[in-house]
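Chemist: Hey, dropping protein_9.cif in here, mmCIF, C-alpha atoms:
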data_data
#
loop_
_atom_site.label_atom_id
_atom_site.label_comp_id
_atom_site.auth_asym_id
_atom_site.auth_seq_id
_atom_site.Cartn_x
_atom_site.Cartn_y
_atom_site.Cartn_z
CA MET A 25 -124.19 0.82 42.20
CA LYS A 26 -121.39 -1.23 40.67
CA ARG A 27 -122.44 -0.20 37.18
CA SER A 28 -122.66 3.45 38.26
CA GLY A 29 -119.21 3.25 39.83
CA LEU A 30 -117.71 1.81 36.66
CA TYR A 31 -119.31 4.59 34.62
CA LEU A 32 -117.85 7.27 36.87
CA PHE A 33 -114.43 5.64 36.75
CA ALA A 34 -114.56 5.47 32.94
CA CYS A 35 -115.47 9.17 32.72
CA PHE A 36 -112.65 10.06 35.11
CA PHE A 37 -110.17 7.96 33.10
CA LEU A 38 -111.14 9.58 29.81
CA THR A 39 -111.02 13.07 31.31
CA VAL A 40 -107.59 12.61 32.81
CA CYS A 41 -105.92 10.43 30.21
CA ALA A 42 -107.37 11.61 26.91
CA PRO A 43 -105.52 14.97 26.94
CA ALA A 44 -102.25 13.18 27.61
CA ILE A 45 -102.85 10.74 24.75
CA ALA A 46 -103.76 13.52 22.33
CA GLN A 47 -101.12 15.94 23.57
CA ASP A 48 -99.08 17.64 20.88
CA TYR A 49 -95.30 17.67 20.87
CA LEU A 50 -92.17 19.10 19.28
CA VAL A 51 -89.00 17.22 18.32
CA THR A 52 -85.78 19.24 18.26
CA VAL A 53 -82.94 18.74 15.80
CA THR A 54 -81.01 17.01 18.59
CA GLY A 55 -83.80 14.44 18.98
CA ASP A 56 -85.40 15.73 22.20
CA THR A 57 -89.20 15.38 22.35
CA ILE A 58 -91.00 18.21 24.14
CA HIS A 59 -94.65 17.67 25.08
CA GLY A 60 -97.03 20.53 25.69
CA GLU A 61 -99.40 23.00 24.12
CA ILE A 62 -98.08 23.97 20.69
CA LYS A 63 -98.48 27.44 19.19
CA PRO A 64 -96.84 27.98 15.77
CA LEU A 65 -95.60 31.52 15.10
CA THR A 66 -95.35 31.36 11.31
CA PHE A 67 -95.43 35.00 10.23
CA GLY A 68 -92.40 37.08 9.26
CA MET A 69 -88.88 35.85 8.54
CA ASP A 70 -88.15 34.73 12.12
CA LYS A 71 -90.52 31.75 12.37
CA LYS A 72 -90.76 29.93 15.72
CA VAL A 73 -92.83 27.41 17.65
CA GLN A 74 -93.99 28.14 21.19
CA VAL A 75 -94.45 25.24 23.61
CA VAL A 76 -96.35 25.70 26.87
CA GLY A 77 -95.34 22.92 29.25
CA PRO A 78 -97.33 21.35 32.11
CA ASP A 79 -95.83 23.99 34.42
CA LYS A 80 -97.30 26.72 32.13
CA LYS A 81 -93.78 27.82 31.21
CA LYS A 82 -93.52 29.14 27.65
CA THR A 83 -90.49 28.18 25.55
CA LEU A 84 -89.77 29.43 22.04
CA TYR A 85 -87.99 27.21 19.51
CA PRO A 86 -86.58 28.89 16.36
CA MET A 87 -87.40 27.07 13.12
CA PHE A 88 -83.95 25.62 12.62
CA GLN A 89 -83.96 24.06 16.09
CA VAL A 90 -87.10 22.10 15.14
CA ARG A 91 -87.09 18.77 13.33
CA THR A 92 -90.86 18.34 13.45
CA TYR A 93 -93.88 19.16 15.57
CA ARG A 94 -97.37 17.75 15.97
CA TRP A 95 -100.23 20.24 16.16
CA LYS A 96 -103.96 19.53 15.88
CA ASN A 97 -103.28 15.95 14.74
CA ASP A 98 -100.97 17.04 11.88
CA LEU A 99 -97.20 16.93 11.54
CA TYR A 100 -95.17 19.94 10.40
CA GLN A 101 -91.54 20.22 9.30
CA PRO A 102 -89.20 23.00 8.15
CA VAL A 103 -88.94 22.78 4.37
CA LYS A 104 -87.21 25.05 1.86
CA GLY A 105 -90.08 26.19 -0.35
CA PRO A 106 -90.88 28.86 -2.94
CA GLU A 107 -90.49 31.71 -0.43
CA GLY A 108 -87.55 30.25 1.53
CA TYR A 109 -87.74 28.02 4.57
CA ALA A 110 -91.17 27.59 6.15
CA PHE A 111 -93.07 25.15 8.32
CA MET A 112 -95.07 22.88 6.04
CA LYS A 113 -97.77 20.33 6.86
CA VAL A 114 -96.75 16.75 6.03
CA ILE A 115 -99.37 15.13 3.77
CA LYS A 116 -97.31 12.12 2.64
CA SER A 117 -93.71 11.32 3.44
CA GLY A 118 -91.20 9.17 1.61
CA TYR A 119 -88.42 9.56 -0.94
CA LEU A 120 -90.94 11.94 -2.54
CA SER A 121 -92.87 13.86 0.10
CA LEU A 122 -95.99 15.94 -0.35
CA TYR A 123 -96.47 19.01 1.82
CA ALA A 124 -99.09 21.71 2.24
CA TYR A 125 -97.88 25.24 2.87
CA GLN A 126 -99.18 28.75 3.46
CA LEU A 127 -99.40 30.89 0.35
CA PRO A 128 -98.26 34.52 0.78
CA ASN A 129 -100.51 36.52 3.12
CA GLN A 130 -102.67 33.47 3.94
CA VAL A 131 -103.13 31.54 7.17
CA THR A 132 -104.51 28.36 5.61
CA TYR A 133 -102.32 25.66 4.09
CA ASP A 134 -103.61 25.72 0.52
CA GLY A 135 -100.35 25.49 -1.40
CA GLN A 136 -98.98 22.07 -2.40
CA PHE A 137 -95.28 21.29 -2.56
CA LEU A 138 -93.31 18.21 -3.58
CA SER A 139 -89.80 17.50 -2.32
CA LYS A 140 -87.45 14.61 -3.08
CA LYS A 141 -84.74 13.39 -0.75
CA ASP A 142 -82.16 14.16 -3.43
CA GLY A 143 -82.88 17.85 -2.86
CA LYS A 144 -85.09 18.51 -5.89
CA SER A 145 -88.45 20.15 -5.24
CA THR A 146 -91.31 21.93 -6.96
CA GLU A 147 -94.61 23.63 -6.32
CA VAL A 148 -97.65 21.74 -7.55
CA PRO A 149 -99.10 23.98 -10.28
CA ASN A 150 -102.66 24.17 -11.53
CA LEU A 151 -102.45 25.19 -15.18
CA THR A 152 -99.20 23.42 -16.09
CA PHE A 153 -99.60 20.35 -13.88
CA LYS A 154 -99.13 17.76 -16.63
CA LYS A 155 -95.95 19.28 -18.07
CA ALA A 156 -94.43 20.13 -14.69
CA MET A 157 -95.05 16.67 -13.20
CA LYS A 158 -93.77 14.86 -16.31
CA ASN A 159 -90.49 16.74 -16.05
CA PHE A 160 -90.20 16.48 -12.27
CA LEU A 161 -90.90 12.73 -12.19
CA GLU A 162 -89.01 11.81 -15.37
CA ASP A 163 -86.64 9.55 -13.42
CA CYS A 164 -89.59 7.17 -13.07
CA PRO A 165 -90.87 6.78 -16.67
CA THR A 166 -93.79 4.53 -15.75
CA VAL A 167 -95.36 7.27 -13.64
CA ALA A 168 -94.39 10.10 -16.02
CA ASP A 169 -95.94 8.22 -18.96
CA ARG A 170 -99.21 7.69 -17.11
CA ILE A 171 -99.39 11.42 -16.41
CA ASP A 172 -98.64 12.13 -20.09
CA ARG A 173 -101.49 9.83 -21.15
CA ASP A 174 -103.85 11.58 -18.69
CA GLU A 175 -104.29 8.37 -16.71
CA LEU A 176 -103.12 10.34 -13.67
CA ASN A 177 -103.89 14.02 -13.06
CA LYS A 178 -103.87 16.49 -10.18
CA ARG A 179 -106.85 14.77 -8.51
CA ASP A 180 -104.63 11.67 -8.27
CA LEU A 181 -101.73 13.47 -6.60
CA LEU A 182 -101.64 11.16 -3.56
CA GLN A 183 -101.61 8.13 -5.87
CA ILE A 184 -98.87 9.71 -7.97
CA VAL A 185 -96.71 10.14 -4.86
CA ASP A 186 -97.33 6.51 -3.81
CA GLU A 187 -96.57 5.09 -7.27
CA TYR A 188 -93.46 7.20 -7.67
CA ASN A 189 -92.11 6.10 -4.27
CA THR A 190 -92.80 2.46 -5.12
CA CYS A 191 -90.92 2.94 -8.39
CA ILE A 192 -87.93 4.45 -6.61
CA GLN A 193 -87.81 1.65 -4.05
CA SER A 194 -87.44 -0.86 -6.86
CA LYS A 195 -84.25 0.75 -8.14
CA THR A 196 -80.73 -0.41 -7.30
CA ILE A 197 -79.02 0.00 -3.94
CA ASP A 198 -76.58 2.43 -5.56
CA HIS A 199 -79.40 4.92 -5.76
CA GLY A 200 -79.74 4.71 -1.98
CA LYS A 201 -76.04 5.52 -1.59
CA ILE A 202 -76.44 8.61 -3.76
CA ILE A 203 -79.40 9.72 -1.66
CA ALA A 204 -77.38 9.32 1.55
CA GLN A 205 -74.48 11.35 0.16
CA ARG A 206 -76.79 14.11 -1.03
CA ALA A 207 -78.65 14.11 2.26
CA VAL A 208 -75.38 14.79 4.10
CA ALA A 209 -74.61 17.65 1.73
CA GLU A 210 -78.15 19.03 2.08
CA LYS A 211 -77.89 18.96 5.87
CA LYS A 212 -74.66 20.95 5.71
CA LEU A 213 -76.05 23.36 3.14
CA SER A 214 -79.22 24.07 5.12
CA ALA A 215 -77.22 25.72 7.91
CA TRP A 216 -75.31 27.80 5.36
CA ASP A 217 -78.61 28.75 3.70
CA VAL A 218 -79.80 30.07 7.05
CA LEU A 219 -76.63 32.13 7.49
CA GLU A 220 -76.90 33.48 3.95
CA GLU A 221 -80.54 34.54 4.45
CA LYS A 222 -79.61 36.19 7.75
CA VAL A 223 -76.82 38.22 6.13
CA LYS A 224 -79.09 39.23 3.25
CA SER A 225 -81.84 40.37 5.62
CA GLU A 226 -79.58 42.70 7.62
CA ALA A 227 -79.12 46.34 6.67
CA ASP A 228 -76.01 47.12 4.62
CA PHE A 229 -72.78 46.90 6.59
CA GLU A 230 -69.10 46.99 5.72
CA GLY A 231 -68.06 43.67 4.22
CA LYS A 232 -71.60 42.44 3.47
CA ALA A 233 -70.96 41.84 -0.23
CA ASN A 234 -67.70 39.99 0.52
CA ALA A 235 -69.40 37.88 3.16
CA LEU A 236 -72.15 36.81 0.75
CA GLU A 237 -69.55 35.99 -1.90
CA MET A 238 -67.60 33.82 0.55
CA ILE A 239 -70.78 32.02 1.67
CA GLN A 240 -71.58 31.22 -1.98
CA ASP A 241 -68.05 29.90 -2.45
CA ILE A 242 -68.33 27.69 0.64
CA LYS A 243 -71.72 26.32 -0.46
CA GLY A 244 -70.30 25.47 -3.86
CA ARG A 245 -67.38 23.63 -2.30
CA ILE A 246 -69.75 21.68 -0.01
CA SER A 247 -71.83 20.61 -3.03
CA ARG A 248 -68.67 19.42 -4.78
CA ALA A 249 -67.37 17.71 -1.62
CA GLU A 250 -64.26 19.92 -1.68
CA LYS A 251 -62.18 21.01 1.29
CA ILE A 252 -62.80 24.60 2.34
CA PRO A 253 -59.58 26.62 2.79
CA ASN A 254 -59.00 28.06 6.25
CA PHE A 255 -58.38 31.54 4.85
CA VAL A 256 -61.93 31.58 3.45
CA LEU A 257 -63.42 30.61 6.81
CA GLU A 258 -61.28 33.12 8.68
CA GLY A 259 -62.19 35.82 6.21
CA LEU A 260 -65.88 35.10 6.72
CA LYS A 261 -65.53 35.20 10.49
CA SER A 262 -63.82 38.59 10.33
CA SER A 263 -66.64 39.92 8.13
CA LEU A 264 -69.45 38.73 10.41
CA THR A 265 -68.55 40.03 13.86
CA GLN A 266 -71.99 41.41 14.75
CA ASP A 267 -73.97 39.65 17.48
CA ALA A 268 -76.82 38.99 15.04
CA PHE A 269 -74.58 36.59 13.09
CA LYS A 270 -72.98 34.79 16.04
CA GLN A 271 -75.38 31.84 16.38
CA PRO A 272 -76.11 31.16 12.66
CA LEU A 273 -72.36 31.38 11.91
CA GLU A 274 -71.55 28.92 14.72
CA ASP A 275 -74.27 26.54 13.47
CA ALA A 276 -72.93 26.70 9.91
CA LEU A 277 -69.32 26.12 10.95
CA LYS A 278 -70.33 23.11 13.07
CA GLU A 279 -71.63 21.38 9.93
CA LEU A 280 -68.12 21.40 8.49
CA ASN A 281 -66.66 19.28 11.30
#
Translate the structure described by the file into structure tokens.

Modeler:
Amino acid sequence: MKRSGLYLFACFFLTVCAPAIAQDYLVTVTGDTIHGEIKPLTFGMDKKVQVVGPDKKKTLYPMFQVRTYRWKNDLYQPVKGPEGYAFMKVIKSGYLSLYAYQLPNQVTYDGQFLSKKDGKSTEVPNLTFKKAMKNFLEDCPTVADRIDRDELNKRDLLQIVDEYNTCIQSKTIDHGKIIAQRAVAEKKLSAWDVLEEKVKSEADFEGKANALEMIQDIKGRISRAEKIPNFVLEGLKSSLTQDAFKQPLEDALKELN
């Protein structure tokens, strides 16, 4: 009887606790972790993630409110890829990160994408892999040379990422400072990228061309760490008065504070 009782208790424990242990989650850009049933909505320009909480309430999180989410034992993050921003599956993370992404009109994550923390990125090609990787990883000659000598090829992509990240870690601390500075600029630019894409996607309206020109000017000044004149910001605000631009404009302006 004791053995039977222990068996029943173990079954009950696994039934009740296992779902909680394996439960997926979403982390917002503000650092909040939301647990629940995850449903990615990855089609169209307006990508979102739906979370169904324990109370069965459904909440939608737009892509740029999401830092990462865990779904079916994989992590996903918003990444600026070949077709604009998209949720990509994290394969390896580091200074150089490897992602898998959905090719156009596909539901599977068959595309491969590499992104450095300095903002540089590239698709992983098939036919021109050797040339593309040599150029992309030229700041680490030991890895680039091994690719050139065919010691490393596309089948060794995970090893290439590991060796490149080890190479970068061995460089001077000044490199880390550059990364931090660029990361700040990239964070600011991402919000302005969102605003720019939103303006581009809307039907023609009066002042659209001027608004896009001002956004480009602001992005250039951010990249050069220059102060943005108030008249440029005010001019942009007066050009984007529609409700559709309210939230992305507010988010972009916040990054300048």

Chemist: Can you turn the PyMOL selection byres ((chain A and resi 161-176) around 10) into a concrete residue list for this file, as a list of chain:residue names?

Modeler: A:Leu120, A:Lys140, A:Phe153, A:Lys154, A:Lys155, A:Ala156, A:Met157, A:Lys158, A:Asn159, A:Phe160, A:Asn177, A:Lys178, A:Arg179, A:Asp180, A:Leu181, A:Gln183, A:Ile184, A:Val185, A:Glu187, A:Tyr188, A:Asn189, A:Thr190, A:Cys191, A:Ile192, A:Lys195

Chemist: Kindly save the residues from that selection, with C-alpha atoms included, as an mmCIF file, in the frame of the given file.

Modeler:
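Below is the file that was written, out_34.cif:
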data_model
loop_
_atom_site.group_PDB
_atom_site.id
_atom_site.type_symbol
_atom_site.label_atom_id
_atom_site.label_comp_id
_atom_site.auth_asym_id
_atom_site.auth_seq_id
_atom_site.Cartn_x
_atom_site.Cartn_y
_atom_site.Cartn_z
ATOM 1 C CA LEU A 120 -90.940 11.940 -2.540
ATOM 2 C CA LYS A 140 -87.450 14.610 -3.080
ATOM 3 C CA PHE A 153 -99.600 20.350 -13.880
ATOM 4 C CA LYS A 154 -99.130 17.760 -16.630
ATOM 5 C CA LYS A 155 -95.950 19.280 -18.070
ATOM 6 C CA ALA A 156 -94.430 20.130 -14.690
ATOM 7 C CA MET A 157 -95.050 16.670 -13.200
ATOM 8 C CA LYS A 158 -93.770 14.860 -16.310
ATOM 9 C CA ASN A 159 -90.490 16.740 -16.050
ATOM 10 C CA PHE A 160 -90.200 16.480 -12.270
ATOM 11 C CA ASN A 177 -103.890 14.020 -13.060
ATOM 12 C CA LYS A 178 -103.870 16.490 -10.180
ATOM 13 C CA ARG A 179 -106.850 14.770 -8.510
ATOM 14 C CA ASP A 180 -104.630 11.670 -8.270
ATOM 15 C CA LEU A 181 -101.730 13.470 -6.600
ATOM 16 C CA GLN A 183 -101.610 8.130 -5.870
ATOM 17 C CA ILE A 184 -98.870 9.710 -7.970
ATOM 18 C CA VAL A 185 -96.710 10.140 -4.860
ATOM 19 C CA GLU A 187 -96.570 5.090 -7.270
ATOM 20 C CA TYR A 188 -93.460 7.200 -7.670
ATOM 21 C CA ASN A 189 -92.110 6.100 -4.270
ATOM 22 C CA THR A 190 -92.800 2.460 -5.120
ATOM 23 C CA CYS A 191 -90.920 2.940 -8.390
ATOM 24 C CA ILE A 192 -87.930 4.450 -6.610
ATOM 25 C CA LYS A 195 -84.250 0.750 -8.140
#

Chemist: Name the closest residue to Glu210 (chain A) among the candidates A:Ile58, A:Leu122, A:Leu65, A:Ala249; distances are taken between atoms, counting all atoms listed in the file.

Modeler: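 Of the candidates, the smallest distance to Glu210 (chain A) is held by A:Ala249.
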
Chemist: Would you please work out which residue, of A:Ser263, A:Gln47, A:Ser225, A:Thr57, is nearest to Glu237 (chain A) when using only C-alpha atoms?

Modeler: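 Between A:Ser263, A:Gln47, A:Ser225, A:Thr57, the residue approaching Glu237 (chain A) most closely is A:Ser263.
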
Chemist: Ranking A:Trp95, A:Pro86, A:Val103, A:Ser214 by minimum distance to Glu61 (chain A) and counting only C-alpha atoms, which one comes first?

Modeler: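 Closest residue, counting only C-alpha atoms: A:Trp95.
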
Chemist: Quick one, how far is CA of Asp48 (chain A) from CA of Arg94 (chain A)?

Modeler: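 These two atoms are separated by 5.2 Å.
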
Chemist: Do you know which residues lie at most 7 Å from (-87.5, 20.3, -0.4), with coordinates as in the file and all atoms listed in the file counted, and could you write them as a PyMOL selection string?

Modeler: chain A and resi 103-105+138-140+143-145

Chemist: Report as lines of an AutoDock Vina configuration file the centre and the edge lengths, in Å to one decimal, of the axis-aligned box holding every listed atom of region 121-130 of chain A, padded by 3 Å on each side.

Modeler:
center_x = -97.8
center_y = 25.2
center_z = 1.8
size_x = 15.8
size_y = 28.7
size_z = 10.3

Chemist: Rounded to one decimal place, report the CA of Gln136 (chain A)-CA of Asp186 (chain A) distance in Å.

Modeler: 15.7 Å

Chemist: Measuring between only C-alpha atoms, which one of A:Gly77, A:Phe67, A:Leu277, A:Lys113 shows the shortest distance to Pro128 (chain A)?

Modeler: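 Distance minimum relative to Pro128 (chain A) lands on A:Phe67.
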
Chemist: Which residues come within 9 Å of Thr66 (chain A), counting all atoms listed in the file, excluding same-chain residues fewer than 3 positions away, as a PDB file with C-alpha atoms, in the frame of the given file?

Modeler:
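Resulting contents of result01.pdb:
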ATOM      1  CA  MET A  69     -88.880  35.850   8.540  1.00  0.00           C
ATOM      2  CA  ASP A  70     -88.150  34.730  12.120  1.00  0.00           C
ATOM      3  CA  LYS A  71     -90.520  31.750  12.370  1.00  0.00           C
ATOM      4  CA  LYS A  72     -90.760  29.930  15.720  1.00  0.00           C
ATOM      5  CA  VAL A  73     -92.830  27.410  17.650  1.00  0.00           C
ATOM      6  CA  ALA A 110     -91.170  27.590   6.150  1.00  0.00           C
ATOM      7  CA  PHE A 111     -93.070  25.150   8.320  1.00  0.00           C
ATOM      8  CA  VAL A 131    -103.130  31.540   7.170  1.00  0.00           C
TER       9      VAL A 131
END

Chemist: Convert the output of the PyMOL selection byres ((chain A and resi 278) around 12) on the shown file into explicit residues, formatted as a list in words.

Modeler: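 Applied to this file, the PyMOL selection byres ((chain A and resi 278) around 12) returns Lys211, Lys212, Leu213, Ser214, Ala215, Trp216, Leu257, Gln271, Pro272, Leu273, Glu274, Asp275, Ala276, Leu277, Glu279, Leu280 and Asn281 of chain A.
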
Chemist: For Tyr123 (chain A), which residue out of A:Thr265, A:Gln74, A:Thr92, A:Gln101 is the nearest one, using all atoms listed in the file?

Modeler: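 Among A:Thr265, A:Gln74, A:Thr92, A:Gln101, it is A:Gln101 that comes nearest to Tyr123 (chain A).
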
Chemist: What residues have an atom no more than 10 Å from (-73.0, 26.5, -0.3) in the file's own frame, counting only C-alpha atoms, and can you write them as an MDAnalysis selection string?

Modeler: chainID A and resid 209:210 212:217 220 238:248

Chemist: Which of these residues is nearest to Lys63 (chain A), using all atoms listed in the file: A:Lys270, A:Pro78, A:Val51, A:Leu84?

Modeler: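 Once distances to Lys63 (chain A) are computed over all atoms listed in the file, the minimum belongs to A:Leu84.
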
Chemist: So the first atom is CA of Val223 (chain A) and the second is CA of Lys261 (chain A); what is the distance between them in Å, to one decimal place?

Modeler: 12.5 Å
